[in-house]
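Student: Can you read through this structure? Questions will come right after.
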Amino acid sequence: DYEIEMELEAALKTLPEDRQPVNLSYWNSGSDYKKKLAEKVKLCEKSDLFDYQYFFPDRIKRDLARKLGFSDQAYENSFFAPLSQSTLSIVTLAIFLKKYGKKVGIIEPVYFSAQSCFDDLAIPYRLFGSYMENINSTFDAEELLQSDCTAFWFTSPVNSCSIYFTEKVTKGIQKILDAGKMVILDESLCINGFELSRVFGAQENLIYIYSPHKTLGLQGIKFSYIVVHKKYYDDIDSLEDIYGGSLNYSCQEGAEHFVSKNFDDCLNVYSSFWKKNLLKVKALVKDYDFVRIPPETFGHYAMLFIDRPVDDKNFLEAMKQLMKDTGYFVYPGIMQGFKSEKGLYFRVNMLLNTGDIEKGLKAVLDFIKNKKK
């Protein structure tokens with residue numbers, strides 16, 4: 001995955017500065033969305049610039065928990081461990097899982113940092129790759145329970161697909177918890193209001209990761225929370241101190257902002273923008289009978305599925321040519337955890353400029369259409 005990204009980045013550098021192509025799969029937002037959000041966002045400016053801070057102020061802790069969907073009872077039974085970003089949360093939990101000797105079942109697709117951590121720390125794991133975007137119709141908790149894994153790592157919404165779990169999946173997860181297994185729910189990219197905390201609450205072997213500003217594209221003030229049962233307080237408190245360190249000013253501001261009404265105002269801007277663009281994309285792909293978007297897509301990343309296999313090298317060369325010819329390109333789905341042998345997948349970021357999405361996606365799909373002839 002890294003090699004693909006580096007090769008495409010190298011190709012970009014060969015093009016003039018004033019003619020840099022637009023990557024429709026990119027993780028950053030477009031200028032139009034940024035402008036709208038910049039006009040709306042208001043920071044609280046209540047945070048400490050000077051001293052080491054390891055926790056958020058007591059006056060907002062319960063409000064933070066409530067806004068993430070936890071009841072007051074769940075709040076009392078949990079430890080909310082703040083970190084400056086969700087990657088640090090992933091590292092902290094990977095070390096925690098190693099300490100407890102867990103073999104981890106990873107339900108793919110997963111955010112790349114998690115699997116990399118398990119590899120680097122020699123944490124045993126098994127990939128469960130048969131569900132992917134179809135998890136809501138195909139998930140089988142029994143397959144997981146019959147394995148030798150003692151912990152299971154889920155990403156909600158489905159990584160780069162913006163697909164949230166239905167009752168079939170949540171019932172299966174509860175079955176896994178009831179069997180005494182540990183479950184980690186990485187909800188770093190979850191839209192506020194759709195957290196699985198509202199389904200599961202606090203349970204002994206259930207761990208959550210949150211980072212609410214990540215969804216909105218406000219990366220400069222994002223913070224992360226690990227939420228665990230209070231029985232693991234000592235473990236997580238120690239690990240977050242060692243591997244996470246003190247909280248920077250920007251993430252302290254993010255926590256203050258999250259519990260303010262202005263976060264909700266920003267969320268409205270976000271929702272309006274991606275929904276408008278997703279409707280345009282759905283209308284556009286109707287003209288191409290070889291492409292589909294999962295109907296459950298609900299968020300700013302939409303994965304497009306093409307009904308043909310693709311060779312990674314051929315795809316790379318095609319994207320390099322597309323950069324030069326049209327000024328647009330996409331990253332292959334393998335970079336988001338989708339296996340290339342199953343077909344051609346790529347995601348489109350609905351927070352990019354509407355004109356770029358429409359023009360760029362048409363260019364990519366026309367290119368694929370012509371290649372199929």
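By order of appearance in the structure tokens: chains A, B, ..., then residues from 1 within every chain, and ligands from 1 in the order shown.
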Write out as CSV a residue-level contact list of segment 115-201 of chain A versus segment 288-308 of chain A with cut-off 6 Å: for each qualifying residue the closest pair of atoms and the distance in Å to one decimal, counting only C-alpha atoms, rows sorted by chain and residue number upward.
Tutor:
```
residue,atom,partner,partner_atom,distance
A:Ser160,CA,A:Tyr301,CA,5.4
A:Cys161,CA,A:Met303,CA,5.2
A:Ser162,CA,A:Gly299,CA,5.0
A:Ile163,CA,A:Thr297,CA,5.1
```
Student: Using the chain letters and numbers from this document, which residues of segment 42-283 of chain A does DSSP assign to alpha helix (DSSP H), as JSON, numbers by chain?
Tutor: {"A": [58, 59, 60, 61, 62, 63, 64, 65, 66, 67, 72, 73, 74, 75, 76, 86, 87, 88, 89, 90, 91, 92, 93, 94, 95, 96, 97, 98, 99, 112, 113, 114, 115, 116, 117, 118, 119, 120, 135, 136, 137, 138, 141, 142, 143, 144, 145, 167, 168, 169, 170, 171, 172, 173, 174, 175, 176, 177, 178, 197, 198, 199, 200, 212, 213, 214, 215, 216, 233, 234, 235, 236, 237, 238, 239, 249, 250, 251, 252, 253, 254, 255, 256, 257, 258, 261, 262, 263, 264, 265, 266, 267, 268, 269, 270, 271, 272, 273, 274, 275, 276, 277, 278, 279, 280, 281, 282, 283]}
Student: List as a PyMOL selection string the protein and nucleic acid residues near segment 7-20 of chain A, meaning an atom at most 10 Å away when only C-alpha atoms are counted, but skip any in the same chain fewer than 2 places from it.
Tutor: chain A and resi 2-5+22-23+316-317+319-321+323-324+327-331
Student: Can you write out as JSON lines which residues of segment 106-125 of chain A fall within 9 Å of segment 80-93 of chain A, alongside each residue's closest atom pair and its distance in Å to one decimal, counting only C-alpha atoms and ordering rows by chain and ascending residue number?
Tutor:
```
{"residue": "A:Ser113", "atom": "CA", "partner": "A:Thr87", "partner_atom": "CA", "distance": 6.8}
{"residue": "A:Ala114", "atom": "CA", "partner": "A:Ile90", "partner_atom": "CA", "distance": 6.1}
{"residue": "A:Cys117", "atom": "CA", "partner": "A:Val91", "partner_atom": "CA", "distance": 6.5}
{"residue": "A:Phe118", "atom": "CA", "partner": "A:Val91", "partner_atom": "CA", "distance": 8.9}
```
Student: Kindly save the residues from that selection, with C-alpha atoms included, as a PDB file, in the first residue's frame.
Tutor:
```
ATOM      1  CA  SER A 113      -2.262   1.767  11.635  1.00  0.00           C
ATOM      2  CA  ALA A 114      -3.875  -1.069  13.571  1.00  0.00           C
ATOM      3  CA  CYS A 117       1.036  -1.974  15.083  1.00  0.00           C
ATOM      4  CA  PHE A 118       0.213  -5.655  15.477  1.00  0.00           C
TER       5      PHE A 118
END
```
Student: Would you return as a ChimeraX atom specification the members of segment 16-258 of chain A that DSSP assigns to strand (DSSP E) on this structure's backbone?
Tutor: /A:22-23,78-83,104-107,125-128,151-155,182-187,206-210,224-229
Student: Keeping N, CA and C atoms for every residue in the selection just given, could you write it to a file as a short mmCIF file (atom, residue, chain, number, x, y, z; two decimals), in the first residue's frame?
Tutor:
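The file below, result.cif, is the result:
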```
data_model
loop_
_atom_site.label_atom_id
_atom_site.label_comp_id
_atom_site.auth_asym_id
_atom_site.auth_seq_id
_atom_site.Cartn_x
_atom_site.Cartn_y
_atom_site.Cartn_z
N VAL A 22 -6.08 16.46 -9.12
CA VAL A 22 -6.92 16.28 -7.93
C VAL A 22 -7.09 14.79 -7.67
N ASN A 23 -6.77 14.38 -6.46
CA ASN A 23 -6.96 12.99 -6.03
C ASN A 23 -8.36 12.87 -5.42
N SER A 78 -17.03 3.52 33.60
CA SER A 78 -16.01 3.55 32.56
C SER A 78 -14.86 4.49 32.90
N PHE A 79 -13.74 4.27 32.23
CA PHE A 79 -12.61 5.19 32.28
C PHE A 79 -12.44 5.79 30.89
N PHE A 80 -12.48 7.11 30.82
CA PHE A 80 -12.32 7.83 29.56
C PHE A 80 -10.90 8.38 29.51
N ALA A 81 -10.07 7.76 28.67
CA ALA A 81 -8.66 8.12 28.59
C ALA A 81 -8.42 9.01 27.38
N PRO A 82 -8.08 10.28 27.58
CA PRO A 82 -7.89 11.19 26.45
C PRO A 82 -6.48 11.11 25.87
N LEU A 83 -6.40 11.17 24.54
CA LEU A 83 -5.12 11.26 23.85
C LEU A 83 -5.23 12.30 22.75
N VAL A 104 -5.71 -11.44 18.18
CA VAL A 104 -6.74 -10.51 17.72
C VAL A 104 -7.32 -10.95 16.38
N GLY A 105 -8.62 -11.00 16.32
CA GLY A 105 -9.32 -11.19 15.06
C GLY A 105 -9.65 -9.83 14.48
N ILE A 106 -9.08 -9.52 13.33
CA ILE A 106 -9.31 -8.22 12.68
C ILE A 106 -10.38 -8.39 11.62
N ILE A 107 -11.49 -7.69 11.81
CA ILE A 107 -12.56 -7.74 10.82
C ILE A 107 -12.26 -6.67 9.78
N TYR A 125 -2.44 -12.28 15.17
CA TYR A 125 -3.78 -11.89 14.72
C TYR A 125 -4.19 -12.74 13.52
N ARG A 126 -5.48 -12.70 13.27
CA ARG A 126 -6.05 -13.37 12.10
C ARG A 126 -6.96 -12.37 11.40
N LEU A 127 -6.90 -12.34 10.08
CA LEU A 127 -7.75 -11.45 9.30
C LEU A 127 -9.04 -12.16 8.92
N PHE A 128 -10.16 -11.50 9.13
CA PHE A 128 -11.45 -11.99 8.67
C PHE A 128 -11.88 -11.07 7.53
N ALA A 151 -9.74 -11.75 21.15
CA ALA A 151 -10.19 -10.36 21.04
C ALA A 151 -10.50 -10.08 19.58
N PHE A 152 -11.43 -9.16 19.34
CA PHE A 152 -11.85 -8.86 17.97
C PHE A 152 -11.90 -7.35 17.76
N TRP A 153 -11.34 -6.93 16.61
CA TRP A 153 -11.19 -5.50 16.30
C TRP A 153 -12.13 -5.16 15.14
N PHE A 154 -13.13 -4.32 15.42
CA PHE A 154 -14.08 -3.86 14.41
C PHE A 154 -13.85 -2.38 14.12
N THR A 155 -14.11 -1.97 12.91
CA THR A 155 -14.06 -0.56 12.53
C THR A 155 -15.45 -0.12 12.11
N MET A 182 -12.98 -10.26 24.16
CA MET A 182 -12.81 -8.81 24.18
C MET A 182 -13.14 -8.24 22.80
N VAL A 183 -13.78 -7.08 22.78
CA VAL A 183 -14.13 -6.42 21.52
C VAL A 183 -13.64 -4.98 21.54
N ILE A 184 -12.94 -4.59 20.48
CA ILE A 184 -12.52 -3.20 20.31
C ILE A 184 -13.32 -2.62 19.16
N LEU A 185 -13.97 -1.51 19.39
CA LEU A 185 -14.74 -0.81 18.36
C LEU A 185 -14.03 0.50 18.03
N ASP A 186 -13.37 0.54 16.89
CA ASP A 186 -12.71 1.78 16.45
C ASP A 186 -13.75 2.62 15.73
N GLU A 187 -14.25 3.63 16.44
CA GLU A 187 -15.27 4.52 15.89
C GLU A 187 -14.70 5.92 15.66
N LEU A 206 -15.46 -4.55 26.61
CA LEU A 206 -15.73 -3.72 25.43
C LEU A 206 -14.92 -2.43 25.51
N ILE A 207 -14.22 -2.11 24.43
CA ILE A 207 -13.37 -0.92 24.37
C ILE A 207 -13.73 -0.10 23.13
N TYR A 208 -13.81 1.21 23.31
CA TYR A 208 -14.14 2.11 22.20
C TYR A 208 -12.97 3.06 21.92
N ILE A 209 -12.87 3.49 20.66
CA ILE A 209 -11.99 4.60 20.28
C ILE A 209 -12.85 5.66 19.59
N TYR A 210 -12.68 6.92 20.01
CA TYR A 210 -13.43 8.03 19.39
C TYR A 210 -12.49 9.17 19.01
N SER A 224 -8.71 12.37 20.87
CA SER A 224 -9.20 11.00 20.86
C SER A 224 -9.51 10.56 22.28
N TYR A 225 -10.46 9.65 22.38
CA TYR A 225 -10.81 9.03 23.65
C TYR A 225 -10.72 7.52 23.50
N ILE A 226 -10.06 6.87 24.44
CA ILE A 226 -10.23 5.44 24.65
C ILE A 226 -11.21 5.29 25.80
N VAL A 227 -12.25 4.50 25.59
CA VAL A 227 -13.23 4.27 26.65
C VAL A 227 -13.20 2.79 27.02
N VAL A 228 -12.86 2.51 28.28
CA VAL A 228 -12.77 1.13 28.76
C VAL A 228 -13.54 1.00 30.07
N HIS A 229 -13.82 -0.23 30.43
CA HIS A 229 -14.42 -0.48 31.74
C HIS A 229 -13.42 -0.06 32.82
#
```
Student: Which polymer residues have any atom within 8 Å of an atom of segment 100-102 of chain A, counting only C-alpha atoms, with same-chain residues fewer than 4 positions away left out, as a list in words?
Tutor: Phe96, Ile123, Pro124, Cys149, Thr150 and Ala151 of chain A
Student: Using only C-alpha atoms, which of the listed residues (A:Leu279, A:Glu39, A:Tyr54, A:Pro21) sits closest to Thr326 of chain A?
Tutor: A:Pro21
Student: Between A:Ala65, A:Met6, A:Leu267, A:Val169, which has the minimum distance to Leu37 of chain A (counting only C-alpha atoms)?
Tutor: A:Leu267
Student: Which residues, written as JSON, numbers by chain, have at least one atom at most 10 Å from Gly220 of chain A, with only C-alpha atoms counted and residues fewer than 3 positions away on the same chain left out?
Tutor: {"A": [213, 214, 217, 223, 250, 251, 253, 254]}
Student: When distances are computed from only C-alpha atoms, which of A:Ser246, A:Ser47, A:Gln174, A:Thr215 shows the smallest separation from Asn28 of chain A?
Tutor: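 Residue with the minimum atom-to-atom distance to Asn28 of chain A: A:Thr215.
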Student: If I take atom CA of Asn77 of chain A and atom CA of Leu97 of chain A, how far is one from the other in Å, to one decimal?
Tutor: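 Atom-to-atom, atom CA of Asn77 of chain A and atom CA of Leu97 of chain A are spaced 20.6 Å apart.
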Student: What is the distance, in Å and to one decimal place, between atom CA of Phe139 of chain A and atom CA of Asp120 of chain A?
Tutor: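 Pair atom CA of Phe139 of chain A / atom CA of Asp120 of chain A returns 28.7 Å.
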Student: Determine the nearest neighbour of Lys286 of chain A from the options A:Ile191, A:Ala38, A:Val199, A:Leu365, counting only C-alpha atoms.
Tutor: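 That would be A:Leu365, the residue with the smallest distance to Lys286 of chain A.
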Student: Closest to Phe112 of chain A among A:Asp178, A:Lys362, A:Asn136, A:Met335, using only C-alpha atoms?
Tutor: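 Smallest separation from Phe112 of chain A among the options: A:Met335.
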Student: For Val41 of chain A, which of A:Cys266, A:Ile236, A:Leu247, A:Val285 is the closest residue, counting only C-alpha atoms?
Tutor: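 Selected residue with least distance to Val41 of chain A: A:Cys266.
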Student: Show which residues sit within 12 Å of Cys44 of chain A, as a PDB file with N, CA and C atoms, in the first residue's frame. Count only C-alpha atoms, and ignore same-chain residues fewer than 5 positions away.
Tutor:
```pdb
ATOM      1  N   ILE A 221      -7.831  20.330  15.449  1.00  0.00           N
ATOM      2  CA  ILE A 221      -8.274  20.376  16.852  1.00  0.00           C
ATOM      3  C   ILE A 221      -8.818  19.026  17.319  1.00  0.00           C
ATOM      4  N   TYR A 249      -2.376  21.656  23.232  1.00  0.00           N
ATOM      5  CA  TYR A 249      -3.382  22.723  23.345  1.00  0.00           C
ATOM      6  C   TYR A 249      -4.543  22.498  22.384  1.00  0.00           C
ATOM      7  N   SER A 250      -4.225  22.104  21.155  1.00  0.00           N
ATOM      8  CA  SER A 250      -5.275  21.991  20.137  1.00  0.00           C
ATOM      9  C   SER A 250      -6.302  20.923  20.490  1.00  0.00           C
ATOM     10  N   CYS A 251      -5.863  19.807  21.061  1.00  0.00           N
ATOM     11  CA  CYS A 251      -6.846  18.774  21.388  1.00  0.00           C
ATOM     12  C   CYS A 251      -7.657  19.153  22.627  1.00  0.00           C
ATOM     13  N   GLN A 252      -7.063  19.936  23.531  1.00  0.00           N
ATOM     14  CA  GLN A 252      -7.844  20.461  24.652  1.00  0.00           C
ATOM     15  C   GLN A 252      -8.951  21.383  24.128  1.00  0.00           C
ATOM     16  N   GLU A 253      -8.594  22.214  23.144  1.00  0.00           N
ATOM     17  CA  GLU A 253      -9.596  23.074  22.508  1.00  0.00           C
ATOM     18  C   GLU A 253     -10.673  22.238  21.824  1.00  0.00           C
ATOM     19  N   GLY A 254     -10.236  21.125  21.217  1.00  0.00           N
ATOM     20  CA  GLY A 254     -11.191  20.252  20.552  1.00  0.00           C
ATOM     21  C   GLY A 254     -12.222  19.680  21.504  1.00  0.00           C
ATOM     22  N   ALA A 255     -11.780  19.292  22.693  1.00  0.00           N
ATOM     23  CA  ALA A 255     -12.713  18.751  23.689  1.00  0.00           C
ATOM     24  C   ALA A 255     -13.722  19.807  24.118  1.00  0.00           C
ATOM     25  N   GLU A 256     -13.232  21.033  24.358  1.00  0.00           N
ATOM     26  CA  GLU A 256     -14.136  22.138  24.722  1.00  0.00           C
ATOM     27  C   GLU A 256     -15.133  22.411  23.594  1.00  0.00           C
ATOM     28  N   HIS A 257     -14.622  22.365  22.367  1.00  0.00           N
ATOM     29  CA  HIS A 257     -15.483  22.637  21.212  1.00  0.00           C
ATOM     30  C   HIS A 257     -16.542  21.552  21.033  1.00  0.00           C
ATOM     31  N   PHE A 258     -16.165  20.301  21.287  1.00  0.00           N
ATOM     32  CA  PHE A 258     -17.083  19.188  21.086  1.00  0.00           C
ATOM     33  C   PHE A 258     -18.349  19.322  21.925  1.00  0.00           C
ATOM     34  N   VAL A 259     -18.224  19.820  23.140  1.00  0.00           N
ATOM     35  CA  VAL A 259     -19.400  19.928  24.005  1.00  0.00           C
ATOM     36  C   VAL A 259     -20.142  21.253  23.812  1.00  0.00           C
ATOM     37  N   SER A 260     -19.679  22.076  22.890  1.00  0.00           N
ATOM     38  CA  SER A 260     -20.350  23.349  22.627  1.00  0.00           C
ATOM     39  C   SER A 260     -21.385  23.195  21.514  1.00  0.00           C
ATOM     40  N   LYS A 261     -22.297  24.153  21.446  1.00  0.00           N
ATOM     41  CA  LYS A 261     -23.299  24.150  20.372  1.00  0.00           C
ATOM     42  C   LYS A 261     -22.641  24.342  19.011  1.00  0.00           C
ATOM     43  N   ASN A 262     -21.501  25.004  18.995  1.00  0.00           N
ATOM     44  CA  ASN A 262     -20.850  25.260  17.713  1.00  0.00           C
ATOM     45  C   ASN A 262     -20.426  23.974  17.017  1.00  0.00           C
ATOM     46  N   PHE A 263     -20.093  22.932  17.787  1.00  0.00           N
ATOM     47  CA  PHE A 263     -19.783  21.643  17.154  1.00  0.00           C
ATOM     48  C   PHE A 263     -20.995  21.158  16.369  1.00  0.00           C
TER      49      PHE A 263
END
```
Student: Could you jot down the atom CA of Asn134 of chain A to atom CA of Glu167 of chain A separation for me, Å, one decimal place?
Tutor: 13.7 Å
Student: Neighbours of Leu361 of chain A within 10 Å (only C-alpha atoms; same-chain residues fewer than 2 positions away dropped), as an NGL selection string?
Tutor: :A and (24 or 281 or 284-285 or 328-330 or 348 or 355-359 or 363-367)
Student: Store the residues of this selection in a file with all heavy atoms, as a short mmCIF file (atom, residue, chain, number, x, y, z; two decimals), in the first residue's frame.
Tutor:
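To be explicit, this is the file written out as result.cif:
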```
data_model
loop_
_atom_site.label_atom_id
_atom_site.label_comp_id
_atom_site.auth_asym_id
_atom_site.auth_seq_id
_atom_site.Cartn_x
_atom_site.Cartn_y
_atom_site.Cartn_z
N LEU A 24 -9.26 12.19 -6.11
CA LEU A 24 -10.63 12.06 -5.63
C LEU A 24 -10.74 11.21 -4.37
O LEU A 24 -11.76 11.26 -3.67
CB LEU A 24 -11.52 11.45 -6.71
CG LEU A 24 -11.65 12.23 -8.02
CD1 LEU A 24 -12.59 11.50 -8.97
CD2 LEU A 24 -12.17 13.64 -7.77
N VAL A 281 -23.19 12.18 -7.03
CA VAL A 281 -22.41 11.01 -7.44
C VAL A 281 -23.34 9.85 -7.80
O VAL A 281 -23.13 9.15 -8.81
CB VAL A 281 -21.43 10.60 -6.33
CG1 VAL A 281 -20.83 9.22 -6.60
CG2 VAL A 281 -20.30 11.62 -6.22
N LEU A 284 -24.74 10.46 -11.14
CA LEU A 284 -23.74 10.34 -12.20
C LEU A 284 -23.46 8.88 -12.54
O LEU A 284 -23.35 8.51 -13.71
CB LEU A 284 -22.46 11.05 -11.75
CG LEU A 284 -21.34 11.25 -12.78
CD1 LEU A 284 -20.52 12.49 -12.43
CD2 LEU A 284 -20.42 10.05 -12.88
N VAL A 285 -23.32 8.01 -11.52
CA VAL A 285 -22.93 6.62 -11.79
C VAL A 285 -24.06 5.81 -12.44
O VAL A 285 -23.81 4.71 -12.95
CB VAL A 285 -22.45 5.91 -10.51
CG1 VAL A 285 -21.25 6.63 -9.91
CG2 VAL A 285 -23.56 5.76 -9.49
N TYR A 328 -7.10 14.36 -13.01
CA TYR A 328 -7.76 13.66 -11.89
C TYR A 328 -7.21 12.24 -11.79
O TYR A 328 -6.75 11.67 -12.77
CB TYR A 328 -9.28 13.60 -12.10
CG TYR A 328 -9.93 14.95 -12.08
CD1 TYR A 328 -10.23 15.62 -13.27
CD2 TYR A 328 -10.23 15.59 -10.88
CE1 TYR A 328 -10.83 16.87 -13.25
CE2 TYR A 328 -10.82 16.84 -10.86
CZ TYR A 328 -11.12 17.48 -12.04
OH TYR A 328 -11.68 18.72 -12.03
N PHE A 329 -7.30 11.67 -10.58
CA PHE A 329 -6.95 10.27 -10.39
C PHE A 329 -7.55 9.80 -9.07
O PHE A 329 -8.11 10.59 -8.30
CB PHE A 329 -5.43 10.05 -10.43
CG PHE A 329 -4.68 10.58 -9.22
CD1 PHE A 329 -4.19 9.71 -8.25
CD2 PHE A 329 -4.45 11.94 -9.05
CE1 PHE A 329 -3.50 10.18 -7.14
CE2 PHE A 329 -3.75 12.42 -7.95
CZ PHE A 329 -3.28 11.54 -6.99
N VAL A 330 -7.44 8.49 -8.81
CA VAL A 330 -7.93 7.91 -7.56
C VAL A 330 -6.89 6.95 -7.00
O VAL A 330 -6.02 6.47 -7.74
CB VAL A 330 -9.28 7.15 -7.75
CG1 VAL A 330 -10.38 8.11 -8.16
CG2 VAL A 330 -9.13 6.03 -8.77
N VAL A 348 -14.27 7.83 -3.02
CA VAL A 348 -14.38 9.24 -3.39
C VAL A 348 -14.73 10.02 -2.13
O VAL A 348 -15.64 9.64 -1.39
CB VAL A 348 -15.44 9.45 -4.49
CG1 VAL A 348 -15.59 10.94 -4.81
CG2 VAL A 348 -15.08 8.68 -5.74
N GLY A 355 -17.50 20.49 -8.12
CA GLY A 355 -17.07 20.48 -9.51
C GLY A 355 -16.00 19.45 -9.78
O GLY A 355 -16.01 18.77 -10.81
N ASP A 356 -15.06 19.32 -8.85
CA ASP A 356 -13.99 18.33 -9.01
C ASP A 356 -14.55 16.91 -8.94
O ASP A 356 -14.12 16.03 -9.70
CB ASP A 356 -12.93 18.52 -7.92
CG ASP A 356 -11.99 19.67 -8.22
OD1 ASP A 356 -11.77 19.96 -9.41
OD2 ASP A 356 -11.48 20.27 -7.26
N ILE A 357 -15.49 16.68 -8.04
CA ILE A 357 -16.07 15.35 -7.91
C ILE A 357 -16.80 14.97 -9.20
O ILE A 357 -16.60 13.88 -9.75
CB ILE A 357 -17.03 15.28 -6.71
CG1 ILE A 357 -16.25 15.39 -5.40
CG2 ILE A 357 -17.82 13.97 -6.73
CD1 ILE A 357 -17.12 15.44 -4.16
N GLU A 358 -17.62 15.87 -9.71
CA GLU A 358 -18.40 15.56 -10.92
C GLU A 358 -17.50 15.38 -12.13
O GLU A 358 -17.59 14.38 -12.85
CB GLU A 358 -19.42 16.68 -11.17
CG GLU A 358 -20.55 16.71 -10.15
CD GLU A 358 -21.58 17.78 -10.47
OE1 GLU A 358 -21.20 18.95 -10.65
OE2 GLU A 358 -22.77 17.43 -10.55
N LYS A 359 -16.63 16.33 -12.37
CA LYS A 359 -15.75 16.27 -13.54
C LYS A 359 -14.74 15.13 -13.41
O LYS A 359 -14.50 14.38 -14.37
CB LYS A 359 -15.02 17.60 -13.71
CG LYS A 359 -14.18 17.69 -14.97
CD LYS A 359 -13.52 19.06 -15.09
CE LYS A 359 -12.62 19.13 -16.33
NZ LYS A 359 -11.94 20.46 -16.42
N ALA A 363 -14.39 11.57 -15.55
CA ALA A 363 -13.15 11.27 -16.27
C ALA A 363 -12.64 9.87 -15.93
O ALA A 363 -12.23 9.12 -16.82
CB ALA A 363 -12.09 12.32 -15.92
N VAL A 364 -12.67 9.51 -14.66
CA VAL A 364 -12.20 8.19 -14.23
C VAL A 364 -13.09 7.09 -14.80
O VAL A 364 -12.60 6.09 -15.34
CB VAL A 364 -12.14 8.11 -12.69
CG1 VAL A 364 -11.83 6.68 -12.25
CG2 VAL A 364 -11.10 9.07 -12.13
N LEU A 365 -14.40 7.27 -14.69
CA LEU A 365 -15.32 6.23 -15.16
C LEU A 365 -15.31 6.11 -16.68
O LEU A 365 -15.41 5.00 -17.23
CB LEU A 365 -16.73 6.51 -14.65
CG LEU A 365 -16.91 6.41 -13.12
CD1 LEU A 365 -18.33 6.74 -12.72
CD2 LEU A 365 -16.52 5.02 -12.62
N ASP A 366 -15.17 7.22 -17.39
CA ASP A 366 -15.05 7.16 -18.86
C ASP A 366 -13.78 6.42 -19.25
O ASP A 366 -13.77 5.65 -20.22
CB ASP A 366 -15.04 8.58 -19.45
CG ASP A 366 -16.43 9.20 -19.52
OD1 ASP A 366 -17.42 8.45 -19.40
OD2 ASP A 366 -16.52 10.43 -19.69
N PHE A 367 -12.71 6.66 -18.51
CA PHE A 367 -11.45 5.98 -18.78
C PHE A 367 -11.61 4.47 -18.62
O PHE A 367 -11.19 3.70 -19.47
CB PHE A 367 -10.39 6.52 -17.82
CG PHE A 367 -9.01 5.96 -18.04
CD1 PHE A 367 -8.15 6.54 -18.96
CD2 PHE A 367 -8.59 4.85 -17.33
CE1 PHE A 367 -6.87 6.02 -19.17
CE2 PHE A 367 -7.31 4.33 -17.53
CZ PHE A 367 -6.46 4.92 -18.45
#
```
